[in-house]
>>> print(open('my_file_9.txt').read())   # compact mmCIF, C-alpha atoms
# COMPACT_ATOMS: atom_id res chain seq x y z
CA MET V 1 0.92 15.40 -19.60
CA ARG V 2 0.76 11.80 -18.44
CA SER V 3 -0.09 9.08 -20.90
CA ALA V 4 -3.25 7.01 -20.51
CA ASP V 5 -1.07 4.03 -19.59
CA SER V 6 0.61 6.01 -16.82
CA LEU V 7 -2.76 7.04 -15.44
CA THR V 8 -3.79 3.39 -15.40
CA ARG V 9 -0.74 2.56 -13.33
CA LEU V 10 -1.53 5.36 -10.91
CA ALA V 11 -5.06 4.01 -10.56
CA THR V 12 -3.66 0.57 -9.88
CA ALA V 13 -1.43 1.87 -7.12
CA ALA V 14 -4.35 3.72 -5.57
CA ALA V 15 -6.55 0.65 -5.77
CA LEU V 16 -4.03 -1.29 -3.72
CA VAL V 17 -5.11 0.82 -0.78
CA ALA V 18 -8.29 -1.21 -0.84
CA LEU V 19 -6.39 -4.48 -1.01
CA ALA V 20 -3.86 -4.03 1.71
CA GLY V 21 -5.54 -4.68 5.01
CA CYS V 22 -7.33 -1.38 5.46
CA SER V 23 -10.13 -2.59 7.67
CA THR V 24 -8.58 -5.21 9.90
CA LEU V 25 -5.04 -4.08 10.47
CA GLY V 26 -5.22 -6.15 13.59
CA ASP V 27 -1.78 -6.52 15.23
CA GLY V 28 -2.69 -8.65 18.18
CA PHE V 29 -6.41 -8.61 17.57
CA LYS V 30 -6.50 -11.34 14.95
CA ALA V 31 -4.49 -12.54 11.99
CA ILE V 32 -5.74 -11.11 8.74
CA GLN V 33 -4.77 -11.20 5.11
CA ASP V 34 -4.47 -8.00 3.16
CA THR V 35 -7.25 -8.87 0.74
CA VAL V 36 -9.96 -7.27 2.87
CA VAL V 37 -11.73 -4.34 1.20
CA THR V 38 -13.33 -1.78 3.45
CA PRO V 39 -16.37 0.38 2.63
CA VAL V 40 -14.23 3.49 3.05
CA ALA V 41 -11.67 2.31 0.53
CA LYS V 42 -14.36 1.25 -1.93
CA ALA V 43 -15.98 4.65 -1.80
CA ILE V 44 -12.80 6.61 -2.43
CA THR V 45 -10.52 4.54 -4.63
CA PRO V 46 -11.15 3.49 -8.24
CA ALA V 47 -12.31 -0.01 -9.00
CA ALA V 48 -9.35 -2.40 -8.80
CA PRO V 49 -8.07 -3.42 -12.23
CA ALA V 50 -6.67 -6.86 -12.95
CA ALA V 51 -3.26 -5.92 -11.60
CA ALA V 52 -4.57 -5.00 -8.16
CA ALA V 53 -6.87 -7.99 -8.01
CA SER V 54 -4.04 -10.38 -8.80
CA ALA V 55 -1.87 -8.86 -6.10
CA ALA V 56 -4.07 -10.66 -3.59
CA ALA V 57 -2.67 -13.98 -4.79
CA ALA V 58 0.15 -13.84 -2.25
CA PRO V 59 -1.17 -11.74 0.65
CA ALA V 60 1.12 -10.59 3.42
CA PRO V 61 -0.13 -11.77 6.81
CA VAL V 62 -0.47 -9.49 9.79
CA LYS V 63 1.33 -11.35 12.53
CA VAL V 64 -0.46 -11.90 15.82
CA GLU V 65 1.56 -10.56 18.72
CA ALA V 66 0.77 -10.22 22.43
CA PRO V 67 -2.70 -11.06 23.76
CA VAL V 68 -5.03 -8.08 23.84
CA PRO V 69 -7.19 -7.10 26.82
CA ALA V 70 -10.88 -7.92 26.36
CA ALA V 71 -11.89 -4.25 26.67
CA ALA V 72 -9.46 -3.26 23.93
CA GLN V 73 -10.76 -6.06 21.74
CA ARG V 74 -14.34 -4.81 22.15
CA SER V 75 -13.30 -1.25 21.33
CA PHE V 76 -11.47 -2.41 18.25
CA ASP V 77 -14.45 -4.46 17.09
CA GLU V 78 -16.77 -1.49 17.54
CA ALA V 79 -14.50 0.78 15.50
CA LEU V 80 -14.21 -1.90 12.86
CA ARG V 81 -17.99 -2.25 12.60
CA ALA V 82 -18.28 1.52 12.19
CA LEU V 83 -15.68 1.47 9.43
CA ARG V 84 -17.42 -1.36 7.60
CA ALA V 85 -20.72 0.51 7.88
CA GLY V 86 -19.19 3.56 6.23
CA ARG V 87 -19.20 5.63 9.43
CA ALA V 88 -15.63 6.86 9.07
CA ASP V 89 -15.97 9.58 11.74
CA ASP V 90 -17.13 7.07 14.36
CA ALA V 91 -14.39 4.66 13.31
CA GLU V 92 -11.78 7.39 13.59
CA ARG V 93 -12.92 8.29 17.09
CA GLY V 94 -12.85 4.65 18.13
CA PHE V 95 -9.41 3.91 16.74
CA LYS V 96 -8.07 7.20 18.12
CA ALA V 97 -9.28 6.39 21.62
CA LEU V 98 -7.81 2.91 21.37
CA ALA V 99 -4.49 4.25 20.08
CA GLN V 100 -4.34 6.56 23.09
CA SER V 101 -5.24 3.87 25.63
CA ASN V 102 -3.12 1.14 24.01
CA PRO V 103 -0.32 2.93 22.10
CA GLU V 104 1.72 -0.27 21.98
CA LEU V 105 -0.73 -1.81 19.47
CA GLY V 106 0.09 -1.03 15.84
CA GLY V 107 -3.32 -1.89 14.40
CA PRO V 108 -5.30 1.14 15.61
CA HIS V 109 -2.54 3.50 14.43
CA ALA V 110 -2.46 1.81 11.02
CA ASN V 111 -6.23 2.02 10.59
CA LEU V 112 -6.11 5.70 11.51
CA GLY V 113 -3.38 6.19 8.90
CA VAL V 114 -5.59 4.73 6.18
CA ILE V 115 -8.64 6.73 7.31
CA TYR V 116 -6.60 9.95 7.28
CA ARG V 117 -5.18 9.21 3.84
CA ASN V 118 -8.63 8.55 2.42
CA ALA V 119 -9.69 11.91 3.86
CA GLY V 120 -6.73 13.66 2.20
CA LYS V 121 -4.94 14.28 5.52
CA LEU V 122 -1.54 13.10 4.39
CA PRO V 123 0.66 14.45 7.23
CA GLU V 124 -1.68 12.86 9.78
CA SER V 125 -1.70 9.63 7.77
CA ALA V 126 2.09 9.47 7.67
CA ALA V 127 2.38 10.20 11.40
CA ALA V 128 -0.14 7.49 12.31
CA LEU V 129 1.47 4.89 10.07
CA GLU V 130 4.92 5.77 11.39
CA ARG V 131 3.58 5.08 14.86
CA ALA V 132 2.17 1.78 13.58
CA VAL V 133 5.50 0.54 12.21
CA LYS V 134 7.29 1.71 15.35
CA ALA V 135 4.85 -0.25 17.52
CA SER V 136 4.88 -3.29 15.22
CA PRO V 137 8.13 -3.30 13.22
CA GLU V 138 7.57 -6.78 11.80
CA GLN V 139 4.24 -6.13 10.06
CA PRO V 140 4.76 -5.88 6.27
CA VAL V 141 1.23 -4.57 5.69
CA TYR V 142 1.93 -1.49 7.77
CA PHE V 143 5.11 -0.69 5.84
CA ASN V 144 3.25 -1.07 2.53
CA GLN V 145 0.56 1.32 3.73
CA LEU V 146 3.22 3.77 4.90
CA GLY V 147 4.86 3.57 1.47
CA ILE V 148 1.56 4.44 -0.20
CA THR V 149 1.16 7.55 1.97
CA TYR V 150 4.76 8.62 1.35
CA ARG V 151 4.15 8.27 -2.39
CA TYR V 152 1.06 10.45 -2.14
CA GLN V 153 3.23 13.05 -0.40
CA GLY V 154 5.87 12.93 -3.12
CA GLN V 155 8.44 11.46 -0.73
CA PHE V 156 9.60 8.85 -3.17
CA ALA V 157 12.82 7.81 -1.41
CA LYS V 158 10.86 7.14 1.78
CA ALA V 159 8.18 5.29 -0.17
CA ARG V 160 10.82 3.07 -1.73
CA ALA V 161 12.37 2.31 1.66
CA ALA V 162 8.97 1.42 3.11
CA TYR V 163 8.02 -0.89 0.23
CA GLU V 164 11.42 -2.55 0.35
CA ARG V 165 11.09 -3.09 4.09
CA ALA V 166 7.69 -4.71 3.54
CA ILE V 167 9.31 -7.06 1.01
CA GLU V 168 12.20 -7.83 3.38
CA LEU V 169 9.62 -8.90 5.96
CA ASP V 170 7.67 -10.97 3.42
CA ALA V 171 9.46 -11.84 0.18
CA ASN V 172 6.16 -13.11 -1.27
CA TYR V 173 4.23 -9.88 -0.72
CA ALA V 174 2.89 -9.29 -4.24
CA ALA V 175 1.14 -5.97 -3.54
CA ALA V 176 4.33 -4.39 -2.23
CA GLN V 177 6.27 -5.67 -5.25
CA LEU V 178 3.73 -4.09 -7.59
CA ASN V 179 3.74 -0.80 -5.68
CA LEU V 180 7.54 -0.76 -5.82
CA GLY V 181 7.47 -1.41 -9.57
CA ILE V 182 5.04 1.44 -10.16
CA LEU V 183 7.22 3.74 -8.03
CA PHE V 184 10.34 2.87 -10.06
CA ASP V 185 8.43 3.15 -13.34
CA LEU V 186 6.45 6.37 -12.95
CA TYR V 187 8.30 8.36 -10.31
CA LEU V 188 11.93 7.28 -10.09
CA ARG V 189 12.21 6.60 -13.84
CA ASP V 190 14.30 3.49 -13.29
CA SER V 191 13.08 1.10 -15.97
CA ALA V 192 15.47 -1.70 -15.08
CA ARG V 193 14.35 -1.88 -11.47
CA ALA V 194 10.72 -1.40 -12.46
CA MET V 195 11.10 -4.44 -14.70
CA GLU V 196 12.57 -6.48 -11.84
CA SER V 197 9.69 -5.61 -9.55
CA TYR V 198 7.01 -6.21 -12.19
CA GLU V 199 8.49 -9.58 -13.11
CA ARG V 200 8.72 -10.58 -9.45
CA TYR V 201 5.10 -9.53 -9.01
CA MET V 202 4.09 -11.55 -12.06
CA ALA V 203 5.84 -14.62 -10.66
CA LEU V 204 4.07 -14.21 -7.32
CA SER V 205 0.67 -13.68 -8.93
CA GLY V 206 0.94 -16.65 -11.27
CA GLY V 207 1.71 -14.64 -14.41
CA LYS V 208 -1.98 -14.15 -15.19
CA ASP V 209 -2.14 -10.36 -14.88
CA ALA V 210 -2.66 -9.07 -18.41
CA THR V 211 -2.33 -5.42 -17.38
CA VAL V 212 1.09 -5.77 -15.81
CA ALA V 213 2.17 -8.12 -18.59
CA LYS V 214 1.47 -5.25 -21.00
CA TRP V 215 3.54 -2.90 -18.85
CA VAL V 216 6.44 -5.35 -18.95
CA THR V 217 6.20 -5.52 -22.75
CA ASP V 218 6.09 -1.73 -22.96
CA LEU V 219 9.18 -1.46 -20.78
CA LYS V 220 11.06 -3.94 -22.93
CA ASN V 221 10.20 -1.92 -26.04
CA ARG V 222 10.87 1.46 -24.48
CA LYS V 223 13.92 3.28 -25.81
CA PRO V 224 16.25 5.02 -23.34
CA PRO V 225 15.70 8.83 -23.30
CA ALA V 226 19.09 9.54 -24.90
CA ALA V 227 18.44 7.15 -27.76
CA ALA V 228 14.98 8.59 -28.35
CA ALA V 229 16.38 12.13 -28.41
CA ALA V 230 19.13 11.15 -30.86
CA LYS V 231 16.58 9.51 -33.17
CA LYS V 232 14.43 12.65 -33.07
CA GLU V 233 17.42 14.85 -34.00
CA GLN V 234 18.25 12.60 -36.96
CA SER V 235 14.72 12.66 -38.36
>>> encode(input="my_file_9.txt", output="structure tokens")
Amino acid sequence: MRSADSLTRLATAAALVALAGCSTLGDGFKAIQDTVVTPVAKAITPAAPAAAASAAAAPAPVKVEAPVPAAAQRSFDEALRALRAGRADDAERGFKALAQSNPELGGPHANLGVIYRNAGKLPESAAALERAVKASPEQPVYFNQLGITYRYQGQFAKARAAYERAIELDANYAAAQLNLGILFDLYLRDSARAMESYERYMALSGGKDATVAKWVTDLKNRKPPAAAAAKKEQS
């Protein structure tokens, strides 16, 4: 059974879905910061605790690439309006049509990946986000989103690689650092690397996140499994 603290960390990781560019994963449509919260994400994910909110302190930009045809821009805007209005089915149809007509644009694929994940369609989410990072291999937001989906699937090695790629692209990407720390902490059971990621996140977010500060303290006080087992045998 997971501890209450572990469940809090899981909720934090899930809340980052709402903080990582879900609605305007633009890629050539317009530069955005990954602090935008979409209606879809709000409806499905838990309220963002202090840790997730602070991750917005150093957002990773979506880089603007090639100019986009006017018709594609209009289609994207229509799908975006549907998403913001909570009409996920209409948004999905719009982004899907755009992804088919303009497969070279990462943004529509990435938005589809988030919509699919929110609907519990994890294989479809992974496939769409993989297409997004293939189309736009320099967008850290897309790699962070892909890492989240991989984590949901239990593909922890792939999640780690995706988060680390996001950080390679933007060393100041706080949300990816926090996601990586949670992955090391709860899933890979690597306390040392979890500590590194949490401390990096704290530095990027100004050290004001009380929740993650508590996690860092807990990690420092945590005994290695072997030592804990030996103590239990002696008692």
>>> atom_distance(input="my_file_9.txt", atom1="atom CA of V:Leu146", atom2="atom CA of V:Ala71")
27.7 Å
>>> residues_around(input="my_file_9.txt", residues="V:Arg81", least_positions_apart="4", cutoff="8 Å", atoms="all atoms listed in the file", output="ChimeraX atom specification")
/V:77,85,91
>>> closest_residue(input="my_file_9.txt", among="V:Ala128, V:Ala162, V:Ile115, V:Met195", to="V:Thr217", atoms="only C-alpha atoms")
V:Met195
>>> closest_residue(input="my_file_9.txt", among="V:Val114, V:Ala70, V:Val133, V:Val141", to="V:Leu83", atoms="all atoms listed in the file")
V:Val114
>>> atom_distance(input="my_file_9.txt", atom1="atom CA of V:Gly147", atom2="atom CA of V:Tyr163")
5.6 Å
>>> closest_residue(input="my_file_9.txt", among="V:Gln73, V:Ser125, V:Gln177, V:Ser191", to="V:Gln153", atoms="only C-alpha atoms")
V:Ser125
>>> residues_near_point(input="my_file_9.txt", point="(4.7, 9.0, -8.5)", cutoff="8 Å", atoms="only C-alpha atoms", output="VMD selection string")
chain V and resid 10 151 to 152 154 156 182 to 183 186 to 188
>>> atom_distance(input="my_file_9.txt", atom1="atom CA of V:Thr211", atom2="atom CA of V:Glu199")
12.4 Å
